[in-house]
Amino acid sequence: MKYLKENKICQSCKKDFTIESEDFNFYEKIKVPPPTFCPECRMIRRMIWRNEHSLFRRPNDAPGKSESIISIYHPEQNLKVYDRETWWGDSWDPCSYEMDYDFLKSFFEQFKNLMKNVPQVAFIDSKSINCRFCNVAVEFKNCYMANAGVANEDSVYSNRISKCKFIHDSYTCFTIEFGYEDVSCKESSKLFFSRESEACLDSYFLYDCRNCVNCILCSNLRNKSYCIENIQYTKEEYFKKKQELELHTRKGIKKAGAIFQELWKKAFHKHLKLTNTTNVLGDHVANSRNCQEVFDIEGDAESVKHSHWGVSGLKDSYDLGPGCGDAELMYESASVGVGNNRIFFSACVLSSRDIFYSYLLNNCSDCFGCVGLNKKQYCIFNKQYTKEAYKEMVSRIIEQMKKVPYVDKVGKVYSFGEFFPSDLSPFAYNETVAQDYYPIDKEKAKADGFLWREYNPNLYETTIKGKDLPQTIAEVDNFILNEIIECEVTGKPFRIIEQELSFYRRFNLPLPSLHPDERHRRRLLQRNPMILRKQMCYFGDKEVVTTYLPEEKGGPEKVICTEHYNKEIY
């Protein structure tokens with residue numbers, strides 16, 4: 001059947017959006033109605049179900065456990081939370097919390113009660129070893145507060161990294177070994193304080209460089225060695241100049257950072273970061289085909305739309321992320337990035353298929369409206385059914401969801417075909433990645449019907465101020481592991497752990513004087529918003545689509561089209 005595109009008004013932000021003819025074909029293929037929220041509001045709605053790095057001390061609700069635990073769930077949230085070992089163990093059965101479906105009540109009202117009753121796990125991870133405080137992490141090893149990625153080792157305070165080893169304080173990086181304060185870099189080693197660079201070695205403060213070795217404060221370089229501020233030096237001259245920069249000191253790093261920011265503003269910027277793609281519209285996407293409005297996809301995506309942050313292998317899917325990949329025929333789901341097929345309107349689902357409206361499932365199939373299940377099939381509200389009874393019940397529930405929708409406190413309507421209402425999320429807006437990508441204030445959150453929690457500072461007494469830390473790591477002894485440091489910007493207390501101290505000593509890096517949250521916030525400021533806009537190429541001969549802000553709003557001066565980029569850089 002041939003569909004015509006249709007213009008609609010988002011029931012959340014009230015802005016116009018368009019459903020294209022190919023969108024209708026996809027919805028028909030997976031047998032769901034078209035959305036009533038625009039793509040941006042759908043993305044925010046999914047993000048509200050993903051807390052990557054907000055941590056809280058709360059009671060351990062596991063039987064026989066009296067000590068408190070650290071968790072992604074706030075203690076004020078009306079949930080049961082178990083420590084990781086208990087939750088994944090055999091001492092409890094999530095099916096013991098089964099519920100009968102009540103056709104007189106809305107689906108989401110009943111699902112909300114199920115969420116309150118079924119225990120949650122303190123951190124969402126899978127197949128990780130010797131890791132502390134790592135969330136939405138798959139196959140991590142020896143990591144500390146590294147979140148949202150796959151197959152990382154010996155990494156600390158990093159977010160959205162995959163296949164990295166010994167990487168600290170970095171964001172959206174792939175296949176980095178020995179990296180520090182990197183953003184959107186890949187396939188490099190011993191790369192520090194760099195952005196958008198690839199296949200580089202033993203370098204500092206690089207922007208958009210490829211195959212560079214022993215370079216500092218450079219931009220747009222290819223296949224170079226011994227360069228500083230894009231000036232070529234001999235090997236002897238380079239190491240003399242490097243020593244003069246004092247990159248082993250806090251003041252040297254601060255001075256180089258200021259130079260690097262000016263360098264970034266004046267560098268050439270390709271309008272979209274697309275590598276080896278065909279018919280792709282988005283940013284930071286590699287080796288992919290026929291994808292529209294996609295962002296931060298590692299590679300091998302095909303026929304994907306309105307999705308972001310994923311590893312390789314996502315196909316024939318719409319409205320996914322954060323957290324997707326290695327999956328096919330998926331729609332309106334978050335944190336579903338490993339070995340899935342046909343996951344709809346769900347969050348935190350791994351290695352499963354044919355799942356609808358579920359949360360925190362692993363190795364399951366044919367489940368509808370379930371929470372916390374592992375290796376189950378044909379379940380509704382955690383209750384076991386036969387195959388035939390399951391199919392009949394699902395059909396009836398879908399029709400009832402259409403007739404008895406859920407209406408939230410600000411009047412947004414949710415029936416079958418819409419993702420979970422935001423007021424069912426176990427997180428406040430400002431605890432989630434929604435606040436990272438679409439920051440709002442408390443008043444705006446309240447007006448839009450989102451939960452908001454004020455930050456309650458820890459009552460730790462600091463023993464040293466960040467501004468008073470030694471200038472070099474050589475001046476630091478092991479007693480620093482006992483100090484409670486006051487962030488020199490936010491005043492928040494933080495500590496240095498042995499794993500990171502060893503890293504700083506190995507690479508002669510000074511101690512950080514900022515709280516890990518403040519360091520993360522500053523890295524987020526280095527990425528572009530996930531909004532496609534039009535502006536003229538710097539050379540003035542054509543219009544381009546880009547995610548860069550205009551220069552007058554803090555964007556760079558020289559955003560250029562692909563043709564000019566290839567001419568100027570390669």
# chains A, B, ... in the order shown; residues from 1 in each chain; ligands from 1
call {"tool": "select_by_dssp", "arguments": {"residues": "range 344-423 of chain A", "states": "alpha helix (DSSP H)", "output": "list in words"}}
result
Lys387, Glu388, Ala389, Tyr390, Lys391, Glu392, Met393, Val394, Ser395, Arg396, Ile397, Ile398, Glu399, Gln400, Met401, Lys402 and Lys403 of chain A
call {"tool": "write_last_selection", "arguments": {"atoms": "C-alpha atoms", "output": "short mmCIF file (atom, residue, chain, number, x, y, z; two decimals), in the first residue's frame"}}
result
data_model
loop_
_atom_site.label_atom_id
_atom_site.label_comp_id
_atom_site.auth_asym_id
_atom_site.auth_seq_id
_atom_site.Cartn_x
_atom_site.Cartn_y
_atom_site.Cartn_z
CA LYS A 387 1.70 -19.78 23.84
CA GLU A 388 -1.91 -19.75 22.68
CA ALA A 389 -3.23 -17.91 25.76
CA TYR A 390 -0.38 -15.39 25.50
CA LYS A 391 -1.18 -14.47 21.91
CA GLU A 392 -4.89 -14.12 22.66
CA MET A 393 -4.24 -11.94 25.73
CA VAL A 394 -1.78 -9.68 23.91
CA SER A 395 -4.29 -9.06 21.15
CA ARG A 396 -6.95 -8.12 23.71
CA ILE A 397 -4.58 -5.87 25.69
CA ILE A 398 -3.54 -3.95 22.57
CA GLU A 399 -7.16 -3.24 21.70
CA GLN A 400 -7.90 -2.24 25.29
CA MET A 401 -4.86 0.13 25.32
CA LYS A 402 -6.34 1.90 22.32
CA LYS A 403 -9.74 2.26 23.98
#
call {"tool": "atom_distance", "arguments": {"atom1": "CA of Ile473 in chain A", "atom2": "CA of Arg505 in chain A"}}
result
6.2 Å
call {"tool": "closest_atom_pairs", "arguments": {"of": "range 339-442 of chain A", "to": "range 519-538 of chain A", "cutoff": "12 Å", "atoms": "only C-alpha atoms", "output": "JSON lines"}}
result
{"residue": "A:Val433", "atom": "CA", "partner": "A:Leu524", "partner_atom": "CA", "distance": 10.7}
{"residue": "A:Ala434", "atom": "CA", "partner": "A:Met530", "partner_atom": "CA", "distance": 11.9}
{"residue": "A:Gln435", "atom": "CA", "partner": "A:Arg521", "partner_atom": "CA", "distance": 10.7}
{"residue": "A:Asp436", "atom": "CA", "partner": "A:Leu524", "partner_atom": "CA", "distance": 7.3}
{"residue": "A:Tyr437", "atom": "CA", "partner": "A:Pro529", "partner_atom": "CA", "distance": 7.0}
{"residue": "A:Tyr438", "atom": "CA", "partner": "A:Pro529", "partner_atom": "CA", "distance": 8.5}
{"residue": "A:Pro439", "atom": "CA", "partner": "A:Pro529", "partner_atom": "CA", "distance": 11.0}
call {"tool": "residues_around", "arguments": {"residues": "range 341-358 of chain A", "least_positions_apart": "6", "cutoff": "8 Å", "atoms": "only C-alpha atoms", "output": "PyMOL selection string"}}
result
chain A and resi 49+124+327-335+364-371+417-420
call {"tool": "residues_around", "arguments": {"residues": "Gln499 in chain A", "least_positions_apart": "4", "cutoff": "9 Å", "atoms": "only C-alpha atoms", "output": "PDB file with all heavy atoms, in the first residue's frame"}}
result
ATOM      1  N   TYR A 144      35.943   1.581  36.784  1.00  0.00           N
ATOM      2  CA  TYR A 144      35.386   2.324  37.918  1.00  0.00           C
ATOM      3  C   TYR A 144      34.653   3.553  37.379  1.00  0.00           C
ATOM      4  O   TYR A 144      35.232   4.391  36.688  1.00  0.00           O
ATOM      5  CB  TYR A 144      36.508   2.744  38.860  1.00  0.00           C
ATOM      6  CG  TYR A 144      36.052   3.525  40.071  1.00  0.00           C
ATOM      7  CD1 TYR A 144      35.671   2.867  41.246  1.00  0.00           C
ATOM      8  CD2 TYR A 144      36.012   4.916  40.049  1.00  0.00           C
ATOM      9  CE1 TYR A 144      35.263   3.580  42.366  1.00  0.00           C
ATOM     10  CE2 TYR A 144      35.594   5.635  41.167  1.00  0.00           C
ATOM     11  CZ  TYR A 144      35.222   4.965  42.322  1.00  0.00           C
ATOM     12  OH  TYR A 144      34.818   5.666  43.425  1.00  0.00           O
ATOM     13  N   ASP A 154      39.859  -1.608  32.302  1.00  0.00           N
ATOM     14  CA  ASP A 154      40.776  -0.753  33.075  1.00  0.00           C
ATOM     15  C   ASP A 154      40.528   0.732  32.807  1.00  0.00           C
ATOM     16  O   ASP A 154      41.476   1.510  32.631  1.00  0.00           O
ATOM     17  CB  ASP A 154      42.224  -1.120  32.743  1.00  0.00           C
ATOM     18  CG  ASP A 154      42.539  -2.550  33.098  1.00  0.00           C
ATOM     19  OD1 ASP A 154      42.617  -2.851  34.296  1.00  0.00           O
ATOM     20  OD2 ASP A 154      42.666  -3.381  32.179  1.00  0.00           O
ATOM     21  N   SER A 155      39.270   1.124  32.782  1.00  0.00           N
ATOM     22  CA  SER A 155      38.917   2.504  32.454  1.00  0.00           C
ATOM     23  C   SER A 155      38.141   3.156  33.597  1.00  0.00           C
ATOM     24  O   SER A 155      37.422   2.487  34.343  1.00  0.00           O
ATOM     25  CB  SER A 155      38.103   2.540  31.159  1.00  0.00           C
ATOM     26  OG  SER A 155      38.891   2.072  30.069  1.00  0.00           O
ATOM     27  N   VAL A 156      38.272   4.478  33.696  1.00  0.00           N
ATOM     28  CA  VAL A 156      37.761   5.218  34.850  1.00  0.00           C
ATOM     29  C   VAL A 156      37.089   6.515  34.401  1.00  0.00           C
ATOM     30  O   VAL A 156      37.567   7.185  33.478  1.00  0.00           O
ATOM     31  CB  VAL A 156      38.924   5.529  35.825  1.00  0.00           C
ATOM     32  CG1 VAL A 156      38.479   6.462  36.925  1.00  0.00           C
ATOM     33  CG2 VAL A 156      39.485   4.237  36.420  1.00  0.00           C
ATOM     34  N   PHE A 503      47.531   5.764  36.916  1.00  0.00           N
ATOM     35  CA  PHE A 503      47.475   6.244  35.530  1.00  0.00           C
ATOM     36  C   PHE A 503      48.182   7.592  35.400  1.00  0.00           C
ATOM     37  O   PHE A 503      48.976   7.808  34.480  1.00  0.00           O
ATOM     38  CB  PHE A 503      46.015   6.351  35.104  1.00  0.00           C
ATOM     39  CG  PHE A 503      45.817   6.771  33.675  1.00  0.00           C
ATOM     40  CD1 PHE A 503      45.788   5.831  32.652  1.00  0.00           C
ATOM     41  CD2 PHE A 503      45.630   8.112  33.346  1.00  0.00           C
ATOM     42  CE1 PHE A 503      45.590   6.217  31.335  1.00  0.00           C
ATOM     43  CE2 PHE A 503      45.433   8.505  32.034  1.00  0.00           C
ATOM     44  CZ  PHE A 503      45.410   7.554  31.025  1.00  0.00           C
TER      45      PHE A 503
END
call {"tool": "select_by_dssp", "arguments": {"residues": "range 116-319 of chain A", "states": "strand (DSSP E or B)", "output": "number ranges by chain"}}
result
A: 120-121, 125-126, 129, 132, 137-138, 141, 144, 147, 149-150, 153, 156, 159-162, 165-168, 171-180, 183, 186-192, 195, 198, 201-207, 210, 213-219, 222, 225-228, 231-232, 249, 268-270, 274-275, 278-286, 289-297, 302-310, 314-319
call {"tool": "residues_around", "arguments": {"residues": "Lys558 in chain A", "least_positions_apart": "2", "cutoff": "7 Å", "atoms": "only C-alpha atoms", "output": "PyMOL selection string"}}
result
chain A and resi 266-269+538+556+560
call {"tool": "residues_around", "arguments": {"residues": "range 85-96 of chain A", "least_positions_apart": "5", "cutoff": "8 Å", "atoms": "only C-alpha atoms", "output": "ChimeraX atom specification"}}
result
/A:62,118-121,371-373,382-384
call {"tool": "residues_around", "arguments": {"residues": "Lys241 in chain A", "least_positions_apart": "6", "cutoff": "12 Å", "atoms": "only C-alpha atoms", "output": "PyMOL selection string"}}
result
chain A and resi 214-217+226-229+231-235+247
call {"tool": "closest_residue", "arguments": {"among": "A:Val404, A:Glu293, A:Glu20, A:Asn362", "to": "Lys105 in chain A", "atoms": "only C-alpha atoms"}}
result
A:Val404
call {"tool": "closest_residue", "arguments": {"among": "A:Val559, A:Ala199, A:Met115, A:Ala146", "to": "Leu221 in chain A", "atoms": "only C-alpha atoms"}}
result
A:Ala199
call {"tool": "closest_residue", "arguments": {"among": "A:Thr36, A:Cys185, A:Asn60, A:Ala148", "to": "Gly321 in chain A", "atoms": "only C-alpha atoms"}}
result
A:Ala148
call {"tool": "atom_distance", "arguments": {"atom1": "CA of Ile69 in chain A", "atom2": "CA of Glu52 in chain A"}}
result
16.9 Å
call {"tool": "decode", "arguments": {"residues": "range 314-327 of chain A", "atoms": "C-alpha atoms", "output": "short mmCIF file (atom, residue, chain, number, x, y, z; two decimals), in the first residue's frame"}}
result
data_model
loop_
_atom_site.label_atom_id
_atom_site.label_comp_id
_atom_site.auth_asym_id
_atom_site.auth_seq_id
_atom_site.Cartn_x
_atom_site.Cartn_y
_atom_site.Cartn_z
CA LEU A 314 21.71 -1.88 13.94
CA LYS A 315 19.32 -2.56 11.07
CA ASP A 316 15.79 -1.71 9.96
CA SER A 317 14.86 0.22 13.10
CA TYR A 318 13.35 3.55 14.18
CA ASP A 319 13.48 5.70 17.31
CA LEU A 320 16.15 3.93 19.32
CA GLY A 321 18.62 5.04 21.93
CA PRO A 322 20.36 6.06 23.86
CA GLY A 323 21.90 2.61 23.69
CA CYS A 324 21.31 0.53 20.57
CA GLY A 325 23.07 -1.72 18.06
CA ASP A 326 23.59 -5.36 17.18
CA ALA A 327 19.83 -5.60 16.65
#
